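J.: Input: one structure, supplied below.
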Amino acid sequence: MNGSNLSYLIAAALMLTVTSTAANAKSCTEQGRECAAWAAGPNASYKPACAKEVNACKARCKQGQKFFIGVAVGNQYPIDTCN
């Protein structure tokens with residue numbers, strides 16, 4: 001592989017990474033929807049906690065702490081926008 005082809009390959013890989021990252025962008029509301037979808041069936045008791053965490057996430061985000069806290073074990077899920 002010559003240097004020119006390698007440059008194109010690297011550029012393509014970088015574009016794919018940037019595109020994939022942008023497609024995964026989340027807001028507190030979007031993460032809350034995922035939480036609510038998870039909180040079904042045997043996890044239904046967590047549904048109110050999901051709704052409460054959306055508001056907590058927005059408040060934290062406005063202070064610069066961009067993460068949604070999972071309601072079951074407290075995992076932090078990164079978010080990109082507050083709403």
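Identifiers in the structure tokens: chain A, B, ... in order shown; residue index from 1 per chain; ligand index from 1 in order shown.
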Any idea what's packed within 12 Å of Ile69 (chain A), counting only C-alpha atoms, ignoring anything in its chain fewer than 3 positions away? Could you give it as a list in words?

T.: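 What passes the distance filter is Cys28, Gln31, Gly32, Cys35, Ala49, Cys50, Ala51, Lys52, Glu53, Val54, Asn55, Ala56, Cys57, Lys58, Arg60, Cys61, Gln65, Lys66, Ala72, Val73, Gly74, Asn75, Gln76, Tyr77, Pro78 and Ile79 of chain A.
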
J.: Just the selected residues (N, CA and C atoms), exported as a tab-separated table (two decimals), in the first residue's frame, please.

T.:
```
chain	number	residue	atom	x	y	z
A	28	CYS	N	-30.46	14.44	27.95
A	28	CYS	CA	-31.05	13.86	29.18
A	28	CYS	C	-32.40	13.22	28.87
A	31	GLN	N	-31.88	9.87	26.96
A	31	GLN	CA	-31.41	8.84	27.88
A	31	GLN	C	-32.53	8.41	28.83
A	32	GLY	N	-33.37	9.38	29.20
A	32	GLY	CA	-34.52	9.07	30.04
A	32	GLY	C	-35.51	8.15	29.34
A	35	CYS	N	-34.11	4.74	29.53
A	35	CYS	CA	-34.31	4.25	30.89
A	35	CYS	C	-35.75	3.75	31.05
A	49	ALA	N	-38.32	6.51	38.86
A	49	ALA	CA	-36.94	6.97	39.07
A	49	ALA	C	-36.32	7.46	37.77
A	50	CYS	N	-36.68	6.84	36.66
A	50	CYS	CA	-36.19	7.29	35.35
A	50	CYS	C	-36.66	8.71	35.07
A	51	ALA	N	-37.95	8.97	35.30
A	51	ALA	CA	-38.50	10.30	35.07
A	51	ALA	C	-37.85	11.34	35.98
A	52	LYS	N	-37.62	10.97	37.23
A	52	LYS	CA	-36.98	11.89	38.18
A	52	LYS	C	-35.54	12.19	37.77
A	53	GLU	N	-34.83	11.19	37.26
A	53	GLU	CA	-33.44	11.37	36.86
A	53	GLU	C	-33.29	12.29	35.65
A	54	VAL	N	-34.31	12.35	34.79
A	54	VAL	CA	-34.24	13.26	33.64
A	54	VAL	C	-34.09	14.69	34.15
A	55	ASN	N	-34.89	15.10	35.12
A	55	ASN	CA	-34.79	16.46	35.67
A	55	ASN	C	-33.48	16.67	36.41
A	56	ALA	N	-33.03	15.67	37.15
A	56	ALA	CA	-31.75	15.77	37.86
A	56	ALA	C	-30.60	15.89	36.86
A	57	CYS	N	-30.69	15.14	35.77
A	57	CYS	CA	-29.67	15.18	34.72
A	57	CYS	C	-29.59	16.58	34.09
A	58	LYS	N	-30.76	17.16	33.80
A	58	LYS	CA	-30.78	18.50	33.20
A	58	LYS	C	-30.15	19.52	34.14
A	60	ARG	N	-27.90	18.95	36.54
A	60	ARG	CA	-26.47	18.68	36.59
A	60	ARG	C	-25.77	19.17	35.32
A	61	CYS	N	-26.40	18.91	34.20
A	61	CYS	CA	-25.84	19.27	32.90
A	61	CYS	C	-25.62	20.77	32.80
A	65	GLN	N	-21.91	19.11	34.34
A	65	GLN	CA	-21.73	17.67	34.60
A	65	GLN	C	-22.65	16.89	33.67
A	66	LYS	N	-22.12	16.47	32.55
A	66	LYS	CA	-22.95	15.89	31.49
A	66	LYS	C	-23.01	14.37	31.57
A	72	ALA	N	-30.69	1.83	38.40
A	72	ALA	CA	-30.57	0.53	39.06
A	72	ALA	C	-29.29	0.42	39.88
A	73	VAL	N	-28.14	0.70	39.25
A	73	VAL	CA	-26.86	0.53	39.97
A	73	VAL	C	-26.01	1.79	39.97
A	74	GLY	N	-26.52	2.88	39.41
A	74	GLY	CA	-25.81	4.15	39.48
A	74	GLY	C	-24.74	4.37	38.43
A	75	ASN	N	-24.77	3.60	37.34
A	75	ASN	CA	-23.82	3.84	36.25
A	75	ASN	C	-24.03	5.24	35.68
A	76	GLN	N	-22.94	5.84	35.20
A	76	GLN	CA	-23.04	7.15	34.57
A	76	GLN	C	-23.02	6.99	33.06
A	77	TYR	N	-24.04	7.55	32.40
A	77	TYR	CA	-24.15	7.50	30.96
A	77	TYR	C	-23.91	8.91	30.41
A	78	PRO	N	-22.86	9.09	29.60
A	78	PRO	CA	-22.55	10.43	29.09
A	78	PRO	C	-23.65	10.96	28.18
A	79	ILE	N	-23.88	12.25	28.28
A	79	ILE	CA	-24.84	12.92	27.39
A	79	ILE	C	-24.13	14.13	26.78
```

J.: Could you pull out all residues of region 46-75 of chain A with a DSSP call of helix (DSSP H, G or I) and give them as a count of residues only?

T.: 17

J.: Could you check how far CA of Thr81 (chain A) sits from CA of Ala59 (chain A), in Å to one decimal?

T.: 11.6 Å

J.: Please compute the CA of Cys82 (chain A)-CA of Gly41 (chain A) distance, one decimal, in Å.

T.: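 The value is 28.4 Å.
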
J.: What gap, in Å, lies between CA of Arg33 (chain A) and CA of Gln63 (chain A)?

T.: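 Distance reported for this atom pair: 21.9 Å.
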